[in-house]
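Structure record follows, encoded as structure tokens.
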Number of protein chains: 2
Amino acid sequence: MVRFFVKKEELQPNFLVLTGENAQHAKVLRLKVGEEVLVCDGQGGEYLCRISDVSPGQISLVVTGQQQSQTEASVRVSVYMAFPKADKLEHVIQKATELGAYEIVAFPSARCVSRPDEKSLSKKLERWQKIAASAAEQSGRGRIPKVVVLQSFSQALDRAAQADKALMFYENEHAVTLRMALEEGNYETVSLLTGPEGGLDEREVAEARKAGLQVCTLGKRILRCETAPLCALSAVMFASGEF
Amino acid sequence: MVRFFVKKEELQPNFLVLTGENAQHAKVLRLKVGEEVLVCDGQGGEYLCRISDVSPGQISLVVTGQQQSQTEASVRVSVYMAFPKADKLEHVIQKATELGAYEIVAFPSARCVSRPDEKSLSKKLERWQKIAASAAEQSGRGRIPKVVVLQSFSQALDRAAQADKALMFYENEHAVTLRMALEEGNYETVSLLTGPEGGLDEREVAEARKAGLQVCTLGKRILRCETAPLCALSAVMFASGEF
């Protein structure tokens, strides 16, 4: 079924109106009176609706049912990624959304070669959030992952450490595998932290351990900075029974 | 250690000479007499070497040891991908190589919107093989995955079916998960077959079952055609104990 995301404050229990980009999208899809669509609040709530009127720039809907999204993952996985070059971050936002990430958190680290300046940040954040929204729509998710930008590496560690499983991936760690890290105890929330193009430096890894993160390996091959978080996310989704 | 790939026929048991792109690369890295490098035959064999002479366009090496690559996966995973648009296939070749795929096999399917014509194919194949070689080098692999192009869908099924686990991923399969498919019995070789942008059609799925492939799901979210094979590959590597 076609799905539309609307802001939570626009939702009403009986009738809904799609405007702007949503109405345009409905027009492109040639939706007609009587057809059913799904309207999502982007936070996991979904309204089953029937189209009652199609006017230029405005589609009216009657709400016929309400449900929680069936496509969200049972485990909340936060992807923490040190700022890579711009196109790579966009790539990770899109793919991590498809793969079911709960949120994507970008932060600076010592070897980051790229970092958005204060001035351009709000525009970029808006763009990144749009990429997440569009990927959520395409993949049939009921929730749009939030894209979060943090100001410092230590902020990222403190925030990531709050998850039931807080994991950092480091190429020089050879003993502890992701499997080992996931095997001990139950978890509902997971943080996966990976470095930038140049990798994490030793002091950062030590700092992460101190903050309570477990440092582990993604195997014998060196993964690019945009591959590592998606590989780890896929494995965690698999390990938690998603597929 | 810096690694160079050379053709198997150029390898000799005691002395080696790097020329062409390899010599250029060595120059860029400012390698000097006495330094150690690793020379790989691209098929899992590795020679530990010491630089004995640096001349313009030519680096001479003394072989000090021989070993099998330590970075190859224990399971041989073949990624079968229906032709997507060009940039996506290149993306999958690069990433699948990093993630440890044994080979990448492209083939036509009913809903492929893009398919290289006979004439341009050999040039493209050369380009794809170069992408695999470069990704193998970057990720520290001892083997360059072969990129294979097949002429028909049924050829792909027959070839894929020869693996211990031959799996097809289909968005309308909801019962059988990848985990279930991997749980029964041991396996040393795995085929992972995924569709193009428009998905696989029902007749193709039926044909695959008939050829002996197991059809399974990658979860509740719809993955793009370039995301699905990498997600499945990551999960199989995780499941087989790579990380």
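The chains in the structure tokens are called A, B, ... from first to last as shown; in each chain the residues are counted from 1, and the ligands are counted from 1 in the order shown.
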- [ ] Find the residues near Gly45 (chain A): any atom within 12 Å, counting only C-alpha atoms, skip ones fewer than 2 places away on the same chain, and give them as a PyMOL selection string.
- [x] chain A and resi 3-8+11+13+38-43+47-48+65-72+141-144
Which residues of chain A come within 7 Å of chain B, and for each one, what is the closest pair of atoms and their distance in Å to one decimal, counting only C-alpha atoms, sorted by chain and residue number, as a tab-separated table?
residue	atom	partner	partner_atom	distance
A:Thr71	CA	B:Lys220	CA	5.2
A:Lys95	CA	B:Thr227	CA	6.9
A:Glu98	CA	B:Leu223	CA	5.9
A:Ser139	CA	B:Ile222	CA	4.4
A:Gly140	CA	B:Arg221	CA	5.9
A:Arg141	CA	B:Arg221	CA	6.5
A:Thr177	CA	B:Phe243	CA	4.9
A:Leu178	CA	B:Phe243	CA	5.6
A:Arg179	CA	B:Phe243	CA	6.4
A:Thr217	CA	B:Phe243	CA	6.3
A:Leu218	CA	B:Phe243	CA	4.9
A:Gly219	CA	B:Phe243	CA	4.6
A:Lys220	CA	B:Thr71	CA	5.2
A:Arg221	CA	B:Ser139	CA	5.3
A:Ile222	CA	B:Ser139	CA	4.4
A:Leu223	CA	B:Glu98	CA	5.9
A:Thr227	CA	B:Lys95	CA	6.9
A:Cys231	CA	B:Ser234	CA	5.3
A:Ser234	CA	B:Cys231	CA	5.4
A:Ala235	CA	B:Ala235	CA	4.9
A:Phe238	CA	B:Ala235	CA	6.1
A:Glu242	CA	B:Gly219	CA	5.5
A:Phe243	CA	B:Gly219	CA	4.6
Open item on the list: Residues of region 49-135 of chain A classed as strand (DSSP E or B) by DSSP on the backbone are to be reported as a ChimeraX atom specification.
Closed with: /A:49-55,58-68,76-82,103-107
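CA of Arg203 (chain A) to CA of Asp158 (chain A) spans 15.8 Å [interatomic distance, one decimal].
In this structure, CA of Cys49 (chain B) sits 12.5 Å away from CA of Leu31 (chain B).
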Open item on the list: Using only C-alpha atoms for the distances, tell me which of B:Ser60, B:Ser120, B:Ser109, B:Gln162 is nearest to Asp201 (chain B).
Closed with: B:Ser109
Leaving out Leu125 (chain A) and any residue of its chain fewer than 3 positions from it, which residues lie within 12 Å of it when counting only C-alpha atoms, given as an mmCIF file with all heavy atoms, in the first residue's frame?
data_model
loop_
_atom_site.group_PDB
_atom_site.id
_atom_site.type_symbol
_atom_site.label_atom_id
_atom_site.label_comp_id
_atom_site.auth_asym_id
_atom_site.auth_seq_id
_atom_site.Cartn_x
_atom_site.Cartn_y
_atom_site.Cartn_z
ATOM 1 N N ALA A 86 31.112 14.061 2.726
ATOM 2 C CA ALA A 86 29.664 14.291 2.693
ATOM 3 C C ALA A 86 28.864 13.173 2.021
ATOM 4 O O ALA A 86 27.860 12.700 2.569
ATOM 5 C CB ALA A 86 29.381 15.617 2.017
ATOM 6 N N LEU A 89 28.322 10.048 4.165
ATOM 7 C CA LEU A 89 27.357 10.154 5.261
ATOM 8 C C LEU A 89 25.942 10.002 4.704
ATOM 9 O O LEU A 89 25.105 9.304 5.280
ATOM 10 C CB LEU A 89 27.516 11.494 5.995
ATOM 11 C CG LEU A 89 26.591 11.677 7.204
ATOM 12 C CD1 LEU A 89 26.740 10.548 8.213
ATOM 13 C CD2 LEU A 89 26.863 13.016 7.896
ATOM 14 N N GLU A 90 25.705 10.633 3.556
ATOM 15 C CA GLU A 90 24.378 10.516 2.937
ATOM 16 C C GLU A 90 24.075 9.064 2.579
ATOM 17 O O GLU A 90 22.960 8.580 2.773
ATOM 18 C CB GLU A 90 24.306 11.409 1.692
ATOM 19 C CG GLU A 90 24.415 12.877 2.062
ATOM 20 C CD GLU A 90 24.269 13.821 0.879
ATOM 21 O OE1 GLU A 90 24.072 13.334 -0.250
ATOM 22 O OE2 GLU A 90 24.354 15.039 1.096
ATOM 23 N N ILE A 93 23.232 7.205 5.777
ATOM 24 C CA ILE A 93 21.892 7.572 6.275
ATOM 25 C C ILE A 93 20.820 6.810 5.489
ATOM 26 O O ILE A 93 19.905 6.220 6.053
ATOM 27 C CB ILE A 93 21.658 9.095 6.182
ATOM 28 C CG1 ILE A 93 22.558 9.817 7.189
ATOM 29 C CG2 ILE A 93 20.190 9.451 6.426
ATOM 30 C CD1 ILE A 93 22.597 11.328 7.031
ATOM 31 N N ILE A 104 20.554 7.843 13.403
ATOM 32 C CA ILE A 104 21.920 7.955 12.891
ATOM 33 C C ILE A 104 22.551 9.180 13.544
ATOM 34 O O ILE A 104 22.002 10.275 13.452
ATOM 35 C CB ILE A 104 21.962 8.087 11.357
ATOM 36 C CG1 ILE A 104 21.404 6.814 10.703
ATOM 37 C CG2 ILE A 104 23.388 8.320 10.868
ATOM 38 C CD1 ILE A 104 20.000 6.933 10.194
ATOM 39 N N VAL A 105 23.670 8.963 14.208
ATOM 40 C CA VAL A 105 24.308 10.029 14.972
ATOM 41 C C VAL A 105 25.689 10.303 14.391
ATOM 42 O O VAL A 105 26.532 9.415 14.342
ATOM 43 C CB VAL A 105 24.439 9.638 16.463
ATOM 44 C CG1 VAL A 105 25.006 10.789 17.268
ATOM 45 C CG2 VAL A 105 23.101 9.174 17.025
ATOM 46 N N ALA A 106 25.925 11.530 13.926
ATOM 47 C CA ALA A 106 27.238 11.899 13.380
ATOM 48 C C ALA A 106 27.974 12.754 14.403
ATOM 49 O O ALA A 106 27.367 13.553 15.110
ATOM 50 C CB ALA A 106 27.065 12.659 12.075
ATOM 51 N N PRO A 116 31.155 19.431 8.843
ATOM 52 C CA PRO A 116 30.388 20.597 8.399
ATOM 53 C C PRO A 116 30.591 21.764 9.357
ATOM 54 O O PRO A 116 30.663 21.566 10.567
ATOM 55 C CB PRO A 116 28.940 20.097 8.450
ATOM 56 C CG PRO A 116 28.953 18.945 9.396
ATOM 57 C CD PRO A 116 30.306 18.329 9.297
ATOM 58 N N ASP A 117 30.734 22.985 8.812
ATOM 59 C CA ASP A 117 30.868 24.127 9.710
ATOM 60 C C ASP A 117 29.503 24.498 10.284
ATOM 61 O O ASP A 117 28.457 24.177 9.736
ATOM 62 C CB ASP A 117 31.528 25.311 8.991
ATOM 63 C CG ASP A 117 30.788 25.677 7.735
ATOM 64 O OD1 ASP A 117 29.583 25.976 7.815
ATOM 65 O OD2 ASP A 117 31.412 25.634 6.655
ATOM 66 N N GLU A 118 29.572 25.158 11.413
ATOM 67 C CA GLU A 118 28.391 25.617 12.163
ATOM 68 C C GLU A 118 27.331 26.216 11.226
ATOM 69 O O GLU A 118 26.148 25.912 11.333
ATOM 70 C CB GLU A 118 28.893 26.683 13.161
ATOM 71 C CG GLU A 118 28.169 26.771 14.492
ATOM 72 C CD GLU A 118 27.943 25.420 15.150
ATOM 73 O OE1 GLU A 118 28.925 24.709 15.463
ATOM 74 O OE2 GLU A 118 26.763 25.095 15.326
ATOM 75 N N LYS A 119 27.812 27.028 10.280
ATOM 76 C CA LYS A 119 26.915 27.823 9.444
ATOM 77 C C LYS A 119 26.061 26.957 8.510
ATOM 78 O O LYS A 119 24.859 27.170 8.358
ATOM 79 C CB LYS A 119 27.758 28.794 8.581
ATOM 80 C CG LYS A 119 27.282 30.247 8.660
ATOM 81 C CD LYS A 119 28.233 31.162 7.931
ATOM 82 C CE LYS A 119 27.837 31.413 6.494
ATOM 83 N NZ LYS A 119 28.873 32.161 5.744
ATOM 84 N N SER A 120 26.724 25.976 7.902
ATOM 85 C CA SER A 120 26.002 25.159 6.917
ATOM 86 C C SER A 120 25.275 23.987 7.559
ATOM 87 O O SER A 120 24.531 23.269 6.900
ATOM 88 C CB SER A 120 26.978 24.646 5.861
ATOM 89 O OG SER A 120 27.913 23.780 6.458
ATOM 90 N N LEU A 121 25.493 23.818 8.855
ATOM 91 C CA LEU A 121 25.005 22.600 9.505
ATOM 92 C C LEU A 121 23.489 22.440 9.477
ATOM 93 O O LEU A 121 22.983 21.357 9.174
ATOM 94 C CB LEU A 121 25.516 22.522 10.947
ATOM 95 C CG LEU A 121 25.222 21.181 11.634
ATOM 96 C CD1 LEU A 121 25.896 20.029 10.921
ATOM 97 C CD2 LEU A 121 25.656 21.209 13.087
ATOM 98 N N SER A 122 22.760 23.526 9.744
ATOM 99 C CA SER A 122 21.300 23.360 9.847
ATOM 100 C C SER A 122 20.709 22.988 8.487
ATOM 101 O O SER A 122 19.789 22.186 8.401
ATOM 102 C CB SER A 122 20.642 24.612 10.421
ATOM 103 O OG SER A 122 20.619 25.626 9.449
ATOM 104 N N TRP A 128 19.834 15.858 5.330
ATOM 105 C CA TRP A 128 20.036 14.489 5.821
ATOM 106 C C TRP A 128 18.714 13.893 6.327
ATOM 107 O O TRP A 128 18.427 12.725 6.108
ATOM 108 C CB TRP A 128 21.092 14.478 6.937
ATOM 109 C CG TRP A 128 22.455 14.854 6.449
ATOM 110 C CD1 TRP A 128 22.929 14.725 5.168
ATOM 111 C CD2 TRP A 128 23.518 15.434 7.204
ATOM 112 N NE1 TRP A 128 24.226 15.183 5.095
ATOM 113 C CE2 TRP A 128 24.615 15.622 6.332
ATOM 114 C CE3 TRP A 128 23.674 15.806 8.537
ATOM 115 C CZ2 TRP A 128 25.834 16.163 6.752
ATOM 116 C CZ3 TRP A 128 24.887 16.348 8.962
ATOM 117 C CH2 TRP A 128 25.947 16.529 8.065
ATOM 118 N N GLN A 129 17.945 14.730 7.033
ATOM 119 C CA GLN A 129 16.668 14.256 7.558
ATOM 120 C C GLN A 129 15.720 13.876 6.415
ATOM 121 O O GLN A 129 14.957 12.926 6.512
ATOM 122 C CB GLN A 129 16.061 15.327 8.467
ATOM 123 C CG GLN A 129 15.002 14.789 9.418
ATOM 124 C CD GLN A 129 15.520 13.689 10.337
ATOM 125 O OE1 GLN A 129 16.415 13.896 11.143
ATOM 126 N NE2 GLN A 129 14.969 12.484 10.195
ATOM 127 N N LYS A 130 15.814 14.640 5.316
ATOM 128 C CA LYS A 130 14.986 14.337 4.137
ATOM 129 C C LYS A 130 15.389 13.014 3.503
ATOM 130 O O LYS A 130 14.543 12.256 3.030
ATOM 131 C CB LYS A 130 15.136 15.456 3.090
ATOM 132 C CG LYS A 130 14.051 16.507 3.206
ATOM 133 C CD LYS A 130 13.950 17.320 1.946
ATOM 134 C CE LYS A 130 12.803 18.313 2.090
ATOM 135 N NZ LYS A 130 12.815 19.332 1.043
ATOM 136 N N ILE A 131 16.687 12.757 3.475
ATOM 137 C CA ILE A 131 17.170 11.480 2.931
ATOM 138 C C ILE A 131 16.628 10.318 3.762
ATOM 139 O O ILE A 131 16.157 9.313 3.226
ATOM 140 C CB ILE A 131 18.721 11.455 2.893
ATOM 141 C CG1 ILE A 131 19.227 12.442 1.837
ATOM 142 C CG2 ILE A 131 19.253 10.050 2.626
ATOM 143 C CD1 ILE A 131 20.725 12.666 1.845
ATOM 144 N N ALA A 132 16.640 10.487 5.084
ATOM 145 C CA ALA A 132 16.113 9.448 5.973
ATOM 146 C C ALA A 132 14.612 9.256 5.738
ATOM 147 O O ALA A 132 14.124 8.125 5.682
ATOM 148 C CB ALA A 132 16.385 9.809 7.433
ATOM 149 N N LYS A 146 15.820 9.506 13.281
ATOM 150 C CA LYS A 146 16.282 10.879 13.479
ATOM 151 C C LYS A 146 17.779 10.939 13.144
ATOM 152 O O LYS A 146 18.533 10.036 13.502
ATOM 153 C CB LYS A 146 16.044 11.291 14.925
ATOM 154 C CG LYS A 146 15.938 12.791 15.073
ATOM 155 C CD LYS A 146 15.459 13.229 16.424
ATOM 156 C CE LYS A 146 15.562 14.758 16.446
ATOM 157 N NZ LYS A 146 15.456 15.310 17.783
ATOM 158 N N VAL A 147 18.180 11.989 12.452
ATOM 159 C CA VAL A 147 19.607 12.219 12.234
ATOM 160 C C VAL A 147 20.059 13.244 13.268
ATOM 161 O O VAL A 147 19.487 14.326 13.379
ATOM 162 C CB VAL A 147 19.892 12.741 10.813
ATOM 163 C CG1 VAL A 147 21.387 12.944 10.608
ATOM 164 C CG2 VAL A 147 19.334 11.767 9.767
ATOM 165 N N VAL A 148 21.051 12.869 14.057
ATOM 166 C CA VAL A 148 21.514 13.706 15.165
ATOM 167 C C VAL A 148 22.969 14.087 14.915
ATOM 168 O O VAL A 148 23.753 13.253 14.463
ATOM 169 C CB VAL A 148 21.412 12.924 16.504
ATOM 170 C CG1 VAL A 148 21.929 13.748 17.668
ATOM 171 C CG2 VAL A 148 19.986 12.461 16.744
ATOM 172 N N VAL A 149 23.317 15.346 15.164
ATOM 173 C CA VAL A 149 24.716 15.760 15.051
ATOM 174 C C VAL A 149 25.212 16.188 16.422
ATOM 175 O O VAL A 149 24.571 16.990 17.096
ATOM 176 C CB VAL A 149 24.865 16.922 14.041
ATOM 177 C CG1 VAL A 149 26.260 17.526 14.116
ATOM 178 C CG2 VAL A 149 24.590 16.417 12.627
ATOM 179 N N LEU A 150 26.338 15.608 16.843
ATOM 180 C CA LEU A 150 26.909 15.977 18.141
ATOM 181 C C LEU A 150 28.155 16.826 17.943
ATOM 182 O O LEU A 150 28.782 16.796 16.886
ATOM 183 C CB LEU A 150 27.238 14.724 18.944
ATOM 184 C CG LEU A 150 26.059 13.791 19.264
ATOM 185 C CD1 LEU A 150 26.540 12.581 20.053
ATOM 186 C CD2 LEU A 150 24.958 14.523 20.027
#
Open item on the list: as a list in words, please: the residues near Pro108 (chain A) (cut-off 6 Å, only C-alpha atoms, same-chain neighbours under 5 positions excluded).
Closed with: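 Answer for this query is Ala82, Phe83, Ser152 and Phe153 of chain A.
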